>>> print(open('data26.tsv').read())   # TSV, C-alpha atoms
chain	number	residue	atom	x	y	z
P	1	MET	CA	23.46	-17.94	12.50
P	2	SER	CA	22.70	-21.58	11.80
P	3	GLU	CA	25.86	-23.69	11.49
P	4	LYS	CA	24.13	-26.29	9.36
P	5	LYS	CA	25.16	-25.97	5.71
P	6	ARG	CA	23.26	-27.77	3.00
P	7	ALA	CA	25.17	-29.36	0.14
P	8	LEU	CA	24.37	-27.71	-3.16
P	9	LYS	CA	22.18	-29.79	-5.42
P	10	PRO	CA	23.01	-30.05	-9.13
P	11	PRO	CA	20.64	-28.10	-11.39
P	12	PRO	CA	18.19	-30.05	-13.54
P	13	SER	CA	19.96	-31.69	-16.46
P	14	GLU	CA	18.97	-31.17	-20.06
P	15	ALA	CA	17.32	-34.60	-19.99
P	16	VAL	CA	15.17	-33.62	-16.99
P	17	LEU	CA	14.22	-30.33	-18.61
P	18	ARG	CA	13.30	-32.13	-21.81
P	19	GLU	CA	11.13	-34.61	-19.89
P	20	LEU	CA	9.42	-31.72	-18.16
P	21	ALA	CA	8.80	-29.91	-21.45
P	22	ASP	CA	7.38	-33.12	-22.97
P	23	LEU	CA	5.11	-33.54	-19.96
P	24	ALA	CA	3.89	-29.94	-20.26
P	25	GLN	CA	3.54	-30.15	-24.07
P	26	VAL	CA	5.72	-27.08	-24.58
P	27	PRO	CA	6.17	-26.27	-28.31
P	28	GLU	CA	9.67	-26.95	-29.63
P	29	VAL	CA	10.21	-23.32	-30.59
P	30	GLU	CA	9.65	-22.20	-26.96
P	31	ARG	CA	11.76	-24.85	-25.23
P	32	ASN	CA	14.97	-22.88	-24.73
P	33	PHE	CA	12.93	-20.11	-23.12
P	34	TYR	CA	11.16	-22.69	-20.96
P	35	TYR	CA	14.41	-24.31	-19.86
P	36	ASP	CA	15.83	-20.94	-18.78
P	37	GLU	CA	12.66	-20.13	-16.83
P	38	ILE	CA	12.69	-23.45	-14.97
P	39	LEU	CA	16.40	-23.23	-14.17
P	40	GLU	CA	15.96	-19.72	-12.79
P	41	ASN	CA	12.98	-20.84	-10.71
P	42	VAL	CA	14.97	-23.71	-9.18
P	43	ARG	CA	17.98	-21.46	-8.51
P	44	ASN	CA	15.89	-18.73	-6.88
P	45	THR	CA	14.03	-21.25	-4.74
P	46	CYS	CA	17.27	-22.77	-3.45
P	47	GLU	CA	18.67	-19.32	-2.64
P	48	LEU	CA	15.50	-18.20	-0.83
P	49	LYS	CA	15.36	-21.43	1.16
P	50	GLU	CA	18.99	-20.99	2.20
P	51	LEU	CA	18.27	-17.41	3.29
P	52	SER	CA	15.25	-18.46	5.30
P	53	ASP	CA	17.38	-21.05	7.13
P	54	GLY	CA	20.07	-18.50	8.03
P	55	LEU	CA	18.59	-17.77	11.48
P	56	THR	CA	17.18	-20.02	14.12
P	57	LYS	CA	13.43	-20.49	13.83
P	58	GLU	CA	12.89	-18.90	17.24
P	59	LYS	CA	14.75	-15.68	16.41
P	60	SER	CA	13.30	-15.27	12.92
P	61	ALA	CA	9.77	-15.97	14.14
P	62	LYS	CA	10.14	-13.43	16.97
P	63	MET	CA	11.40	-10.71	14.60
P	64	HIS	CA	8.64	-11.52	12.14
P	65	ARG	CA	5.98	-11.16	14.84
P	66	SER	CA	7.51	-7.87	15.97
P	67	ALA	CA	7.52	-6.49	12.42
P	68	LEU	CA	3.87	-7.41	11.95
P	69	ALA	CA	2.99	-5.93	15.34
P	70	LEU	CA	4.42	-2.63	14.06
P	71	GLN	CA	2.83	-2.91	10.63
P	72	GLU	CA	-0.76	-3.75	11.52
P	73	PRO	CA	-1.51	-0.61	13.64
P	74	LEU	CA	-0.45	1.53	10.65
P	75	TRP	CA	-3.41	0.13	8.71
P	76	ASP	CA	-5.76	1.33	11.45
P	77	LEU	CA	-4.71	4.96	11.73
P	78	ASN	CA	-7.72	7.25	11.79
P	79	ARG	CA	-7.65	10.48	9.82
P	80	ARG	CA	-6.64	12.63	12.76
P	81	ALA	CA	-3.75	10.36	13.75
P	82	ALA	CA	-2.57	10.10	10.14
P	83	GLU	CA	-2.64	13.88	9.71
P	84	PHE	CA	-0.63	14.35	12.89
P	85	MET	CA	2.01	11.82	11.80
P	86	ASP	CA	2.16	13.44	8.35
P	87	LYS	CA	2.78	16.80	9.98
P	88	VAL	CA	5.64	15.39	12.04
P	89	LEU	CA	7.23	13.50	9.15
P	90	ASN	CA	6.95	16.43	6.75
P	91	SER	CA	8.31	19.05	9.12
P	92	LYS	CA	11.69	20.67	8.54
P	93	SER	CA	13.23	19.13	11.65
P	94	ALA	CA	12.12	15.65	10.54
P	95	PHE	CA	14.54	15.79	7.61
P	96	ILE	CA	17.36	15.85	10.17
P	97	VAL	CA	15.98	13.50	12.80
P	98	PHE	CA	14.11	11.06	10.52
P	99	SER	CA	16.06	11.40	7.29
P	100	ARG	CA	15.18	7.88	6.13
P	101	ILE	CA	11.41	8.23	6.38
P	102	SER	CA	10.65	11.96	6.31
P	103	GLY	CA	9.11	13.76	3.36
P	104	GLN	CA	6.61	11.07	2.31
P	105	GLY	CA	4.30	11.11	5.31
P	106	THR	CA	2.53	8.02	6.58
P	107	GLU	CA	2.48	6.44	3.11
P	108	GLY	CA	6.28	6.46	3.06
P	109	LEU	CA	6.33	5.07	6.59
P	110	LYS	CA	4.01	2.24	5.55
P	111	GLU	CA	6.32	1.38	2.65
P	112	VAL	CA	9.36	1.25	4.96
P	113	VAL	CA	7.59	-0.92	7.54
P	114	ASP	CA	6.26	-3.14	4.77
P	115	GLN	CA	9.81	-3.75	3.51
P	116	ILE	CA	10.93	-4.64	7.05
P	117	ALA	CA	7.98	-7.01	7.49
P	118	ARG	CA	8.69	-8.64	4.12
P	119	PHE	CA	12.35	-9.13	5.00
P	120	PHE	CA	11.56	-10.91	8.25
P	121	ALA	CA	8.75	-12.89	6.58
P	122	LEU	CA	11.38	-14.24	4.19
P	123	LEU	CA	13.73	-15.17	7.03
P	124	ALA	CA	10.90	-16.81	8.96
P	125	GLY	CA	9.56	-18.67	5.93
P	126	LYS	CA	6.22	-16.89	6.19
P	127	THR	CA	3.92	-15.43	3.57
P	128	PRO	CA	4.79	-11.77	2.76
P	129	PRO	CA	2.30	-9.27	4.20
P	130	ARG	CA	-0.26	-7.46	2.09
P	131	PRO	CA	1.47	-4.53	0.32
P	132	PRO	CA	0.35	-1.00	1.26
P	133	SER	CA	-0.64	-0.26	-2.35
P	134	LEU	CA	-3.54	-2.73	-2.08
P	135	GLY	CA	-4.98	-1.03	0.96
P	136	PRO	CA	-6.18	-2.77	4.13
P	137	SER	CA	-8.14	-6.01	3.98
P	138	GLN	CA	-11.59	-6.08	5.47
P	139	ARG	CA	-11.18	-6.91	9.14
P	140	LYS	CA	-13.17	-9.74	10.66
P	141	ARG	CA	-14.32	-9.10	14.19
P	142	GLY	CA	-11.71	-10.02	16.77
P	143	LYS	CA	-9.09	-10.95	14.19
P	144	SER	CA	-6.30	-9.32	12.25
P	145	PRO	CA	-6.93	-7.92	8.72
P	146	GLY	CA	-8.19	-10.62	6.40
P	147	GLY	CA	-9.25	-12.82	9.32
P	148	ARG	CA	-5.76	-14.02	10.20
P	149	ARG	CA	-2.34	-12.58	10.77
P	150	PRO	CA	-0.37	-12.17	7.52
P	151	GLY	CA	2.24	-14.88	7.16
P	152	SER	CA	0.12	-17.75	8.45
P	153	ILE	CA	-0.30	-19.45	5.06
P	154	TYR	CA	1.54	-22.68	4.30
P	155	ASN	CA	5.19	-22.43	3.12
P	156	PRO	CA	5.36	-19.32	0.90
P	157	ILE	CA	8.65	-20.32	-0.82
P	158	LEU	CA	7.10	-23.61	-1.92
P	159	GLN	CA	3.98	-21.77	-3.07
P	160	ASP	CA	6.04	-19.36	-5.18
P	161	PHE	CA	8.00	-22.27	-6.66
P	162	ILE	CA	4.84	-24.11	-7.75
P	163	PHE	CA	3.18	-20.93	-9.00
P	164	ASP	CA	6.23	-20.11	-11.12
P	165	ILE	CA	6.23	-23.60	-12.68
P	166	TRP	CA	2.60	-23.12	-13.69
P	167	PHE	CA	3.23	-19.55	-14.84
P	168	SER	CA	6.34	-20.42	-16.92
P	169	THR	CA	4.57	-23.35	-18.55
P	170	LYS	CA	1.67	-21.14	-19.60
P	171	ARG	CA	4.02	-18.45	-20.93
P	172	ALA	CA	5.83	-21.04	-23.01
P	173	GLY	CA	2.59	-22.25	-24.58
P	174	GLY	CA	2.48	-25.48	-22.58
P	175	LYS	CA	-0.14	-26.93	-20.28
P	176	LEU	CA	-0.16	-28.64	-16.90
P	177	SER	CA	-3.25	-30.15	-15.33
P	178	PHE	CA	-4.66	-30.20	-11.82
P	179	ALA	CA	-7.74	-31.78	-10.29
P	180	ARG	CA	-8.95	-33.06	-6.95
P	181	SER	CA	-9.95	-36.68	-6.51
P	182	PRO	CA	-13.75	-36.83	-6.29
P	183	VAL	CA	-13.49	-39.51	-3.59
P	184	LYS	CA	-10.86	-38.29	-1.10
P	185	GLY	CA	-10.08	-34.86	-2.51
P	186	LYS	CA	-6.41	-35.72	-3.09
P	187	PRO	CA	-4.51	-33.68	-5.71
P	188	GLN	CA	-4.09	-35.17	-9.18
P	189	GLY	CA	-2.64	-34.02	-12.48
P	190	THR	CA	0.59	-33.42	-14.35
P	191	ILE	CA	1.55	-30.51	-12.06
P	192	LEU	CA	2.42	-33.17	-9.44
P	193	SER	CA	4.66	-35.01	-11.91
P	194	ALA	CA	6.40	-31.74	-12.82
P	195	ILE	CA	7.14	-30.99	-9.15
P	196	GLU	CA	8.35	-34.56	-8.64
P	197	LYS	CA	10.84	-34.25	-11.50
P	198	LEU	CA	12.35	-31.09	-9.99
P	199	ALA	CA	12.25	-32.13	-6.32
P	200	PRO	CA	15.70	-33.88	-6.39
P	201	HIS	CA	17.27	-30.55	-7.36
P	202	LEU	CA	15.75	-28.67	-4.42
P	203	PRO	CA	16.79	-28.62	-0.74
P	204	ASP	CA	16.12	-31.78	1.25
P	205	ASP	CA	12.60	-32.05	2.67
P	206	PHE	CA	11.54	-28.91	0.79
P	207	VAL	CA	8.78	-30.67	-1.15
P	208	PRO	CA	6.46	-32.59	1.21
P	209	ASN	CA	5.50	-36.18	0.49
P	210	VAL	CA	1.87	-35.13	0.07
P	211	LEU	CA	1.10	-31.70	-1.37
P	212	PRO	CA	-2.03	-30.05	0.06
P	213	ALA	CA	-4.74	-30.06	-2.59
P	214	ARG	CA	-6.23	-26.86	-1.23
P	215	MET	CA	-2.92	-25.01	-1.58
P	216	LEU	CA	-2.55	-26.13	-5.21
P	217	GLN	CA	-6.14	-25.18	-5.97
P	218	GLU	CA	-5.65	-21.71	-4.49
P	219	LEU	CA	-2.43	-21.15	-6.45
P	220	ILE	CA	-4.04	-22.11	-9.74
P	221	ALA	CA	-7.08	-19.98	-8.91
P	222	ARG	CA	-4.69	-17.07	-8.33
P	223	TRP	CA	-3.09	-17.69	-11.73
P	224	ASN	CA	-6.48	-17.89	-13.45
P	225	LYS	CA	-7.49	-14.61	-11.83
P	226	LEU	CA	-4.28	-12.90	-12.98
P	227	GLU	CA	-4.72	-14.31	-16.47
P	228	ALA	CA	-8.31	-13.02	-16.64
P	229	GLN	CA	-7.19	-9.58	-15.45
P	230	TYR	CA	-4.42	-9.51	-18.05
P	231	GLU	CA	-6.80	-10.52	-20.85
P	232	ALA	CA	-9.30	-7.85	-19.76
P	233	LEU	CA	-6.53	-5.25	-19.73
P	234	GLU	CA	-5.35	-6.37	-23.16
P	235	ALA	CA	-8.89	-6.12	-24.53
P	236	GLU	CA	-9.36	-2.69	-22.98
P	237	THR	CA	-6.02	-1.47	-24.35
P	238	SER	CA	-6.76	-2.92	-27.77
P	239	GLY	CA	-10.20	-1.32	-27.82
P	240	PHE	CA	-8.75	2.02	-26.75
P	241	ALA	CA	-6.07	1.82	-29.45
P	242	GLY	CA	-8.68	0.84	-32.04
P	243	ALA	CA	-10.89	3.76	-31.08
P	244	ASN	CA	-7.95	6.15	-31.36
P	245	THR	CA	-7.02	4.74	-34.76
P	246	ALA	CA	-10.60	5.09	-36.01
P	247	ALA	CA	-10.84	8.64	-34.69
P	248	SER	CA	-7.51	9.55	-36.27
P	249	SER	CA	-8.55	8.03	-39.59
P	250	LYS	CA	-11.81	9.96	-39.47
P	251	ARG	CA	-9.97	13.22	-38.83
P	252	ASN	CA	-7.54	12.54	-41.66
P	253	THR	CA	-10.42	11.76	-44.02
P	254	LYS	CA	-12.10	15.02	-43.12
P	255	SER	CA	-8.87	16.94	-43.68
P	256	ARG	CA	-8.49	15.42	-47.17
P	257	ARG	CA	-11.99	16.36	-48.29
P	258	PRO	CA	-11.98	19.07	-51.00
P	259	ASN	CA	-13.58	22.37	-50.11
P	260	ASN	CA	-16.77	23.10	-52.09
>>> encode(input="data26.tsv", output="structure tokens")
Amino acid sequence: MSEKKRALKPPPSEAVLRELADLAQVPEVERNFYYDEILENVRNTCELKELSDGLTKEKSAKMHRSALALQEPLWDLNRRAAEFMDKVLNSKSAFIVFSRISGQGTEGLKEVVDQIARFFALLAGKTPPRPPSLGPSQRKRGKSPGGRRPGSIYNPILQDFIFDIWFSTKRAGGKLSFARSPVKGKPQGTILSAIEKLAPHLPDDFVPNVLPARMLQELIARWNKLEAQYEALEAETSGFAGANTAASSKRNTKSRRPNN
């Protein structure tokens, strides 16, 4: 275990939270909710960063690589191999020998290995691997699924922190801006000011002096995609409910008609 212990930083004060809410134009009625969201985000980020620093980088990186080396071949099982493994895992003797993973076949095994890979990704400060429920990414020739080994993306804890700031602001009815400089492509916008206000309450050196514009752009694109999916789902659900209501009303009208 690492012997280095970071001093705990004080949480953002009410004044800082108020400045942040003013910057994000959060409506007054939503501010208490917004403050709680931001405080929880800062607290979770500090805890995750402390966990990721609990092992030496060499050990955590080695365990992370080993977990991924076990996980990736499970994506590539052909039908015959998967059927054989299912037969072993679902056999009566497996309940005794493999009590933790038997009974759910290869899908259960993938879930277990995914949890292990996610655990060591956290300790190594790497991006969590693609969950089994999403299925395998399209493999590029000569490379791992998705073109690169999962976990190679820049600082996942920082990414989650920034994404949650953007997400919480949207949920509270506020707005943060982001753009890239047309000249040098540097990041611009109020999202940078929001991160700057919270940086003193995060672990030392957690927020880099210059945030990668591409990372910010990808995070906001991810949010926009999720928002579009949510709106589409809401519209579909609303349309389904409306159709059911109309059908029910039509049936009730028919049932109330007098018999001739």
>>> residues_around(input="data26.tsv", residues="segment 20-32 of chain P", least_positions_apart="5", cutoff="6 Å", atoms="only C-alpha atoms", output="list in words")
Ala172, Gly173, Gly174, Lys175 and Leu176 of chain P
>>> residues_around(input="data26.tsv", residues="Glu40 of chain P", least_positions_apart="3", cutoff="12 Å", atoms="all atoms listed in the file", output="short mmCIF file (atom, residue, chain, number, x, y, z; two decimals) with C-alpha atoms, keeping the file's coordinate frame")
data_model
loop_
_atom_site.label_atom_id
_atom_site.label_comp_id
_atom_site.auth_asym_id
_atom_site.auth_seq_id
_atom_site.Cartn_x
_atom_site.Cartn_y
_atom_site.Cartn_z
CA PRO P 11 20.64 -28.10 -11.39
CA PRO P 12 18.19 -30.05 -13.54
CA PHE P 33 12.93 -20.11 -23.12
CA TYR P 34 11.16 -22.69 -20.96
CA TYR P 35 14.41 -24.31 -19.86
CA ASP P 36 15.83 -20.94 -18.78
CA GLU P 37 12.66 -20.13 -16.83
CA ARG P 43 17.98 -21.46 -8.51
CA ASN P 44 15.89 -18.73 -6.88
CA THR P 45 14.03 -21.25 -4.74
CA CYS P 46 17.27 -22.77 -3.45
CA GLU P 47 18.67 -19.32 -2.64
CA PHE P 161 8.00 -22.27 -6.66
CA ASP P 164 6.23 -20.11 -11.12
CA ILE P 165 6.23 -23.60 -12.68
CA SER P 168 6.34 -20.42 -16.92
#
>>> residues_around(input="data26.tsv", residues="Glu58 of chain P", least_positions_apart="5", cutoff="10 Å", atoms="all atoms listed in the file", output="PDB file with C-alpha atoms, in the frame of the given file")
ATOM      1  CA  MET P  63      11.400 -10.710  14.600  1.00  0.00           C
ATOM      2  CA  HIS P  64       8.640 -11.520  12.140  1.00  0.00           C
ATOM      3  CA  ALA P 124      10.900 -16.810   8.960  1.00  0.00           C
TER       4      ALA P 124
END
>>> closest_residue(input="data26.tsv", among="P:Ala61, P:Val113, P:Ala194, P:Leu8", to="Ile38 of chain P", atoms="all atoms listed in the file")
P:Ala194
>>> closest_residue(input="data26.tsv", among="P:Trp75, P:Glu236, P:Phe84, P:Ser91", to="Glu111 of chain P", atoms="all atoms listed in the file")
P:Trp75
>>> residues_around(input="data26.tsv", residues="Lys186 of chain P", least_positions_apart="3", cutoff="12 Å", atoms="only C-alpha atoms", output="CSV table (one decimal) with C-alpha atoms, in the frame of the given file")
chain,number,residue,atom,x,y,z
P,178,PHE,CA,-4.7,-30.2,-11.8
P,179,ALA,CA,-7.7,-31.8,-10.3
P,180,ARG,CA,-9.0,-33.1,-7.0
P,181,SER,CA,-10.0,-36.7,-6.5
P,182,PRO,CA,-13.8,-36.8,-6.3
P,183,VAL,CA,-13.5,-39.5,-3.6
P,189,GLY,CA,-2.6,-34.0,-12.5
P,192,LEU,CA,2.4,-33.2,-9.4
P,210,VAL,CA,1.9,-35.1,0.1
P,211,LEU,CA,1.1,-31.7,-1.4
P,212,PRO,CA,-2.0,-30.0,0.1
P,213,ALA,CA,-4.7,-30.1,-2.6
P,214,ARG,CA,-6.2,-26.9,-1.2
P,215,MET,CA,-2.9,-25.0,-1.6
P,216,LEU,CA,-2.6,-26.1,-5.2
P,217,GLN,CA,-6.1,-25.2,-6.0
>>> closest_residue(input="data26.tsv", among="P:Val16, P:Pro129, P:Val42, P:Ala121", to="Lys59 of chain P", atoms="all atoms listed in the file")
P:Ala121
>>> atom_distance(input="data26.tsv", atom1="atom CA of Gln71 of chain P", atom2="atom CA of Lys110 of chain P")
7.3 Å
>>> atom_distance(input="data26.tsv", atom1="atom CA of Arg222 of chain P", atom2="atom CA of Phe163 of chain P")
8.8 Å
>>> atom_distance(input="data26.tsv", atom1="atom CA of Ile195 of chain P", atom2="atom CA of Phe167 of chain P")
13.4 Å
>>> axis_aligned_box(input="data26.tsv", around="segment 223-228 of chain P", padding_each_side="3 Å", output="lines of an AutoDock Vina configuration file")
center_x = -5.7
center_y = -15.4
center_z = -14.2
size_x = 11.2
size_y = 11.0
size_z = 10.9
